[in-house]
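Okay, upload.cif is below, mmCIF, C-alpha atoms and all ligand atoms:
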```cif
data_upload
loop_
_atom_site.group_PDB
_atom_site.id
_atom_site.type_symbol
_atom_site.label_atom_id
_atom_site.label_comp_id
_atom_site.auth_asym_id
_atom_site.auth_seq_id
_atom_site.Cartn_x
_atom_site.Cartn_y
_atom_site.Cartn_z
ATOM 1 C CA MET A 1 0.000 0.000 0.000
ATOM 2 C CA THR A 2 1.255 3.472 -0.832
ATOM 3 C CA VAL A 3 2.257 5.600 2.156
ATOM 4 C CA THR A 4 1.100 9.170 1.760
ATOM 5 C CA THR A 5 2.707 12.129 3.464
ATOM 6 C CA THR A 6 0.626 15.147 4.327
ATOM 7 C CA ASP A 7 0.559 18.014 6.772
ATOM 8 C CA ASN A 8 -3.210 18.409 6.460
ATOM 9 C CA TRP A 9 -4.852 17.590 9.802
ATOM 10 C CA GLU A 10 -8.041 16.228 8.248
ATOM 11 C CA ASP A 11 -6.017 13.862 6.074
ATOM 12 C CA ILE A 12 -3.916 12.790 9.042
ATOM 13 C CA GLN A 13 -7.054 12.241 11.114
ATOM 14 C CA ALA A 14 -8.700 10.201 8.372
ATOM 15 C CA ALA A 15 -5.553 8.111 7.909
ATOM 16 C CA SER A 16 -5.317 7.504 11.660
ATOM 17 C CA ILE A 17 -8.948 6.383 11.788
ATOM 18 C CA GLN A 18 -8.244 4.060 8.873
ATOM 19 C CA VAL A 19 -5.363 2.498 10.812
ATOM 20 C CA LEU A 20 -7.235 2.057 14.110
ATOM 21 C CA GLY A 21 -10.795 1.577 12.906
ATOM 22 C CA GLU A 22 -13.897 3.630 13.698
ATOM 23 C CA GLU A 23 -14.624 2.020 17.057
ATOM 24 C CA ILE A 24 -11.271 2.789 18.650
ATOM 25 C CA ALA A 25 -11.191 6.243 17.032
ATOM 26 C CA GLN A 26 -14.558 7.006 18.641
ATOM 27 C CA ARG A 27 -13.261 5.849 22.034
ATOM 28 C CA ILE A 28 -10.350 8.228 21.681
ATOM 29 C CA THR A 29 -12.711 11.052 20.731
ATOM 30 C CA ARG A 30 -14.809 10.345 23.833
ATOM 31 C CA CYS A 31 -11.786 10.205 26.125
ATOM 32 C CA ARG A 32 -10.506 13.494 24.729
ATOM 33 C CA GLN A 33 -13.726 15.082 25.975
ATOM 34 C CA GLU A 34 -12.941 13.969 29.536
ATOM 35 C CA PRO A 35 -10.918 16.081 31.997
ATOM 36 C CA HIS A 36 -7.655 14.069 31.820
ATOM 37 C CA PRO A 37 -7.545 12.290 28.468
ATOM 38 C CA GLN A 38 -3.923 11.154 28.810
ATOM 39 C CA SER A 39 -4.886 9.112 31.874
ATOM 40 C CA GLN A 40 -6.794 6.901 29.406
ATOM 41 C CA LEU A 41 -3.748 6.214 27.264
ATOM 42 C CA ILE A 42 -2.970 2.775 28.722
ATOM 43 C CA HIS A 43 -6.592 1.720 28.358
ATOM 44 C CA ILE A 44 -6.653 2.895 24.735
ATOM 45 C CA LEU A 45 -3.425 1.020 23.973
ATOM 46 C CA GLN A 46 -4.916 -2.112 25.537
ATOM 47 C CA GLN A 47 -7.891 -1.817 23.182
ATOM 48 C CA VAL A 48 -5.590 -1.374 20.210
ATOM 49 C CA GLN A 49 -3.496 -4.389 21.200
ATOM 50 C CA LEU A 50 -6.637 -6.444 21.719
ATOM 51 C CA LYS A 51 -7.670 -5.665 18.161
ATOM 52 C CA PHE A 52 -4.328 -6.060 16.368
ATOM 53 C CA GLY A 53 -2.428 -8.389 18.690
ATOM 54 C CA TYR A 54 0.430 -5.908 19.096
ATOM 55 C CA LEU A 55 1.287 -2.227 18.954
ATOM 56 C CA GLY A 56 3.089 -1.482 15.711
ATOM 57 C CA ARG A 57 4.553 1.839 14.662
ATOM 58 C CA ALA A 58 1.450 2.569 12.585
ATOM 59 C CA GLN A 59 -0.917 2.030 15.517
ATOM 60 C CA ILE A 60 1.260 4.042 17.914
ATOM 61 C CA ASN A 61 1.441 6.985 15.502
ATOM 62 C CA ALA A 62 -2.295 6.877 14.887
ATOM 63 C CA VAL A 63 -3.093 6.861 18.630
ATOM 64 C CA ALA A 64 -0.700 9.785 19.119
ATOM 65 C CA GLN A 65 -2.355 11.767 16.329
ATOM 66 C CA LEU A 66 -5.912 11.179 17.514
ATOM 67 C CA MET A 67 -5.069 11.811 21.171
ATOM 68 C CA GLN A 68 -2.904 14.769 20.203
ATOM 69 C CA VAL A 69 0.044 13.666 22.306
ATOM 70 C CA PRO A 70 3.624 13.185 21.070
ATOM 71 C CA ALA A 71 4.275 9.812 19.426
ATOM 72 C CA ALA A 72 7.387 9.519 21.635
ATOM 73 C CA LYS A 73 5.161 9.595 24.721
ATOM 74 C CA VAL A 74 2.829 6.899 23.374
ATOM 75 C CA SER A 75 5.828 4.832 22.303
ATOM 76 C CA GLY A 76 7.406 5.287 25.737
ATOM 77 C CA VAL A 77 4.281 4.041 27.523
ATOM 78 C CA ALA A 78 3.998 1.080 25.145
ATOM 79 C CA SER A 79 7.653 0.156 25.730
ATOM 80 C CA PHE A 80 7.513 0.588 29.504
ATOM 81 C CA TYR A 81 4.709 -1.843 30.295
ATOM 82 C CA HIS A 82 5.322 -5.546 29.805
ATOM 83 C CA LEU A 83 1.702 -6.127 28.913
ATOM 84 C CA PHE A 84 2.260 -4.449 25.578
ATOM 85 C CA ARG A 85 3.713 -6.328 22.654
ATOM 86 C CA LEU A 86 5.571 -4.224 20.089
ATOM 87 C CA LYS A 87 6.097 -6.918 17.490
ATOM 88 C CA PRO A 88 3.487 -9.006 15.723
ATOM 89 C CA ARG A 89 2.675 -12.140 17.638
ATOM 90 C CA GLY A 90 2.105 -15.461 15.991
ATOM 91 C CA ARG A 91 -1.293 -16.862 15.168
ATOM 92 C CA PHE A 92 -0.976 -18.940 18.357
ATOM 93 C CA MET A 93 0.721 -18.093 21.656
ATOM 94 C CA ILE A 94 2.534 -20.989 23.288
ATOM 95 C CA HIS A 95 3.167 -20.569 27.007
ATOM 96 C CA VAL A 96 5.434 -23.192 28.530
ATOM 97 C CA CYS A 97 5.008 -23.398 32.276
ATOM 98 C CA MET A 98 8.386 -23.065 33.959
ATOM 99 C CA GLY A 99 6.939 -23.202 37.483
ATOM 100 C CA THR A 100 8.482 -25.554 40.031
ATOM 101 C CA ALA A 101 6.170 -28.528 39.542
ATOM 102 C CA CYS A 102 6.558 -28.402 35.776
ATOM 103 C CA TYR A 103 10.276 -27.745 35.936
ATOM 104 C CA VAL A 104 11.000 -30.828 38.036
ATOM 105 C CA LYS A 105 8.942 -32.874 35.560
ATOM 106 C CA GLY A 106 10.997 -31.741 32.584
ATOM 107 C CA ALA A 107 9.564 -28.419 31.393
ATOM 108 C CA ASP A 108 13.028 -27.390 30.240
ATOM 109 C CA ARG A 109 13.138 -30.379 27.861
ATOM 110 C CA ILE A 110 9.693 -29.434 26.510
ATOM 111 C CA ALA A 111 10.877 -25.874 25.984
ATOM 112 C CA GLN A 112 14.063 -27.038 24.296
ATOM 113 C CA ARG A 113 12.128 -29.277 21.913
ATOM 114 C CA LEU A 114 9.781 -26.419 21.050
ATOM 115 C CA LYS A 115 12.717 -24.128 20.342
ATOM 116 C CA GLU A 116 14.300 -26.751 18.104
ATOM 117 C CA GLU A 117 11.101 -27.515 16.219
ATOM 118 C CA LEU A 118 10.231 -23.851 15.703
ATOM 119 C CA GLY A 119 13.766 -22.514 15.292
ATOM 120 C CA ILE A 120 13.116 -19.699 17.764
ATOM 121 C CA GLU A 121 13.980 -18.599 21.290
ATOM 122 C CA TRP A 122 11.741 -17.167 24.024
ATOM 123 C CA SER A 123 9.502 -14.277 22.949
ATOM 124 C CA GLU A 124 10.176 -14.922 19.271
ATOM 125 C CA THR A 125 7.742 -15.804 16.514
ATOM 126 C CA SER A 126 8.250 -18.648 14.075
ATOM 127 C CA SER A 127 9.207 -17.641 10.541
ATOM 128 C CA ASP A 128 5.805 -18.743 9.218
ATOM 129 C CA GLY A 129 4.104 -16.398 11.728
ATOM 130 C CA VAL A 130 2.107 -19.214 13.321
ATOM 131 C CA PHE A 131 3.667 -19.524 16.791
ATOM 132 C CA THR A 132 5.059 -17.185 19.425
ATOM 133 C CA LEU A 133 6.866 -18.843 22.328
ATOM 134 C CA GLU A 134 6.816 -17.573 25.885
ATOM 135 C CA GLY A 135 7.826 -18.994 29.227
ATOM 136 C CA SER A 136 5.275 -18.733 31.999
ATOM 137 C CA ARG A 137 4.904 -18.936 35.750
ATOM 138 C CA CYS A 138 2.611 -21.589 37.241
ATOM 139 C CA LEU A 139 -0.464 -21.975 35.075
ATOM 140 C CA GLY A 140 -2.473 -23.386 37.973
ATOM 141 C CA THR A 141 -2.660 -26.955 36.706
ATOM 142 C CA CYS A 142 0.338 -28.450 38.531
ATOM 143 C CA GLY A 143 -1.348 -31.874 38.705
ATOM 144 C CA LEU A 144 -0.877 -32.099 34.922
ATOM 145 C CA ALA A 145 2.811 -31.128 34.965
ATOM 146 C CA PRO A 146 4.605 -30.570 32.711
ATOM 147 C CA VAL A 147 2.131 -28.217 31.117
ATOM 148 C CA LEU A 148 2.060 -25.961 28.105
ATOM 149 C CA MET A 149 -0.778 -23.737 26.984
ATOM 150 C CA VAL A 150 -1.569 -22.826 23.381
ATOM 151 C CA ASP A 151 -3.767 -19.727 23.483
ATOM 152 C CA ASP A 152 -6.224 -20.835 26.200
ATOM 153 C CA GLN A 153 -5.906 -24.583 25.605
ATOM 154 C CA ILE A 154 -3.972 -26.513 28.276
ATOM 155 C CA HIS A 155 -1.847 -29.509 27.268
ATOM 156 C CA GLY A 156 -0.801 -31.583 30.260
ATOM 157 C CA ASN A 157 1.665 -34.418 30.903
ATOM 158 C CA VAL A 158 3.478 -33.385 27.758
ATOM 159 C CA THR A 159 6.549 -35.304 26.637
ATOM 160 C CA PRO A 160 9.173 -33.915 24.261
ATOM 161 C CA ASP A 161 8.109 -36.400 21.600
ATOM 162 C CA GLU A 162 4.534 -35.102 21.734
ATOM 163 C CA VAL A 163 5.648 -31.575 20.888
ATOM 164 C CA PRO A 164 5.667 -32.055 17.074
ATOM 165 C CA LEU A 165 2.174 -33.596 17.245
ATOM 166 C CA ILE A 166 0.836 -30.658 19.240
ATOM 167 C CA LEU A 167 2.411 -28.184 16.835
ATOM 168 C CA GLU A 168 0.942 -30.009 13.856
ATOM 169 C CA GLU A 169 -2.537 -29.789 15.393
ATOM 170 C CA TYR A 170 -2.284 -25.999 15.456
ATOM 171 C CA LEU A 171 -0.558 -25.752 12.094
ATOM 172 C CA GLN A 172 -3.568 -27.551 10.670
ATOM 173 C CA ARG A 173 -5.897 -25.005 12.306
ATOM 174 C CA ALA A 174 -3.768 -22.155 10.989
ATOM 175 C CA ARG A 175 -4.099 -23.551 7.454
ATOM 176 C CA GLU A 176 -7.867 -23.680 7.858
ATOM 177 C CA THR A 177 -8.357 -20.163 9.231
ATOM 178 C CA GLU A 178 -7.167 -16.749 8.158
ATOM 179 C CA PRO A 179 -6.113 -14.335 10.914
ATOM 180 C CA GLU A 180 -7.166 -10.678 10.880
ATOM 181 C CA LYS A 181 -4.485 -8.556 9.259
ATOM 182 C CA PRO A 182 -3.685 -5.094 10.667
ATOM 183 C CA ALA A 183 -4.383 -2.096 8.451
ATOM 184 C CA GLN A 184 -1.413 -0.496 6.734
ATOM 185 C CA SER A 185 -0.480 3.036 7.750
ATOM 186 C CA ALA A 186 -1.076 6.105 5.666
ATOM 187 C CA VAL A 187 -0.216 8.452 8.541
ATOM 188 C CA ALA A 188 2.107 11.319 7.791
ATOM 189 C CA GLY A 189 5.662 10.681 8.863
ATOM 190 C CA GLU A 190 5.119 6.929 9.112
ATOM 191 C CA ALA A 191 8.395 5.027 8.808
HETATM 192 S S1 LIG B 1 4.023 -25.298 38.040
HETATM 193 FE FE1 LIG B 1 3.305 -25.672 36.042
HETATM 194 S S2 LIG B 1 1.152 -25.609 36.265
HETATM 195 FE FE2 LIG B 1 1.902 -25.153 38.228
#
```
Rewrite the coordinates I just gave you, this time as structure tokens.
Amino acid sequence: MTVTTTDNWEDIQAASIQVLGEEIAQRITRCRQEPHPQSQLIHILQQVQLKFGYLGRAQINAVAQLMQVPAAKVSGVASFYHLFRLKPRGRFMIHVCMGTACYVKGADRIAQRLKEELGIEWSETSSDGVFTLEGSRCLGTCGLAPVLMVDDQIHGNVTPDEVPLILEEYLQRARETEPEKPAQSAVAGEA
């Protein structure tokens, strides 16, 4: 998509709405009418991440434009809080429990097998964009240790040899479904 550069506020506003969507743009408009709009910034960023799965440069710039705060401030807030993801996540999030019960039952071997199969390290996304790998504290199902969770689906008593089978199950789902793609940016100054 062609990136346009403009200094016209209406064009910038329209481009920002295109990036974020009408619903989030309207939320920003409403929060700007409140006494301390910047206090809503984290909440707005949460909504954006919920929609797109991460906060990319395009989304950060669009939020900054519509809230009329410097992009550096929005970027700083997004970088500061661990709950925000600044890179696209995979179609599926894999959380490997590294809590005590899982660790003593071989969670490190499960994690190692996942890293080998996917060719990634912690917090990285597989080259096909299907999986993002994260370590996790206790997932609350210690009786099933070792445990991994794919999105909200728990897999218990996992062995290293079961890892490829579990991955294949989700690869099959990924082939059958198309994820939502984030809108491209047309915001002025977008890198
Ligand atoms: S330690 Fe892994 S589920 Fe509790």
Please determine, counting all atoms listed in the file, which residue among A:Val163, A:Val158, A:Ala101, A:Leu66 has the shortest atom-to-atom distance to ligand LIG 1 (chain B).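 Residue with the minimum atom-to-atom distance to ligand LIG 1 (chain B): A:Ala101.
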Could you list, as an MDAnalysis selection string, all protein and nucleic acid residues with an atom at most 10 Å from ligand LIG 1 (chain B), counting all atoms listed in the file? chainID A and resid 96:105 107 136:149 154 156
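Going from atom CA of Ala25 of chain A over to atom CA of Leu55 of chain A, you cover 15.2 Å.
Near Leu86 of chain A, within 10 Å and counting only C-alpha atoms, sit A:Gln49, A:Gly53, A:Tyr54, A:Leu55, A:Gly56, A:Arg57, A:Ile60, A:Ser75, A:Ala78, A:Ser79, A:His82, A:Leu83, A:Phe84, A:Pro88, A:Arg89; same-chain residues fewer than 2 positions away were not included.
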Residues in the PyMOL selection byres (((chain A and resi 150) around 7) and not hetatm), expressed as JSON, numbers by chain: {"A": [92, 93, 94, 95, 148, 149, 151, 152, 153, 154]}
For atom CA of Glu134 of chain A and atom CA of Asp108 of chain A, the interatomic separation in Å (one decimal): 12.4 Å
Would you kindly return, as a VMD selection string, each protein, DNA or RNA residue with an atom no farther than 12 Å from any atom of Glu121 of chain A, considering only C-alpha atoms and excluding same-chain residues fewer than 2 positions away? chain A and resid 94 111 to 119 123 to 127 131 to 135
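Atom CA of Leu167 of chain A is found 28.4 Å from atom CA of Gln46 of chain A.
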Report as lines of an AutoDock Vina configuration file the centre and the edge lengths, in Å to one decimal, of the axis-aligned box holding every listed atom of segment 48-63 of chain A, padded by 5 Å on each side.
```
center_x = -1.6
center_y = -0.7
center_z = 17.2
size_x = 22.2
size_y = 25.4
size_z = 19.1
```
Identify which of the residues A:Ile110, A:Ile44, A:Gly76, A:Asp11 lies closest to Ile166 of chain A, counting all atoms listed in the file when measuring atom-to-atom distances.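 Closest to Ile166 of chain A of all the choices is A:Ile110.
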Would you pick out the contacts of Gln47 of chain A at 10 Å or less, using only C-alpha atoms, so that residues sharing its chain but fewer than 3 positions from it are not included, and give the list as a ChimeraX atom specification? /A:20,23-24,27,41-44,50-53
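Residues matched by the PyMOL selection byres (((chain A and resi 40) around 12) and not hetatm) in this structure: Arg27, Ile28, Thr29, Arg30, Cys31, Arg32, Gln33, Glu34, Pro35, His36, Pro37, Gln38, Ser39, Leu41, Ile42, His43, Ile44, Leu45, Gln46, Gln47, Val63, Met67, Val69, Val74 and Val77 of chain A.
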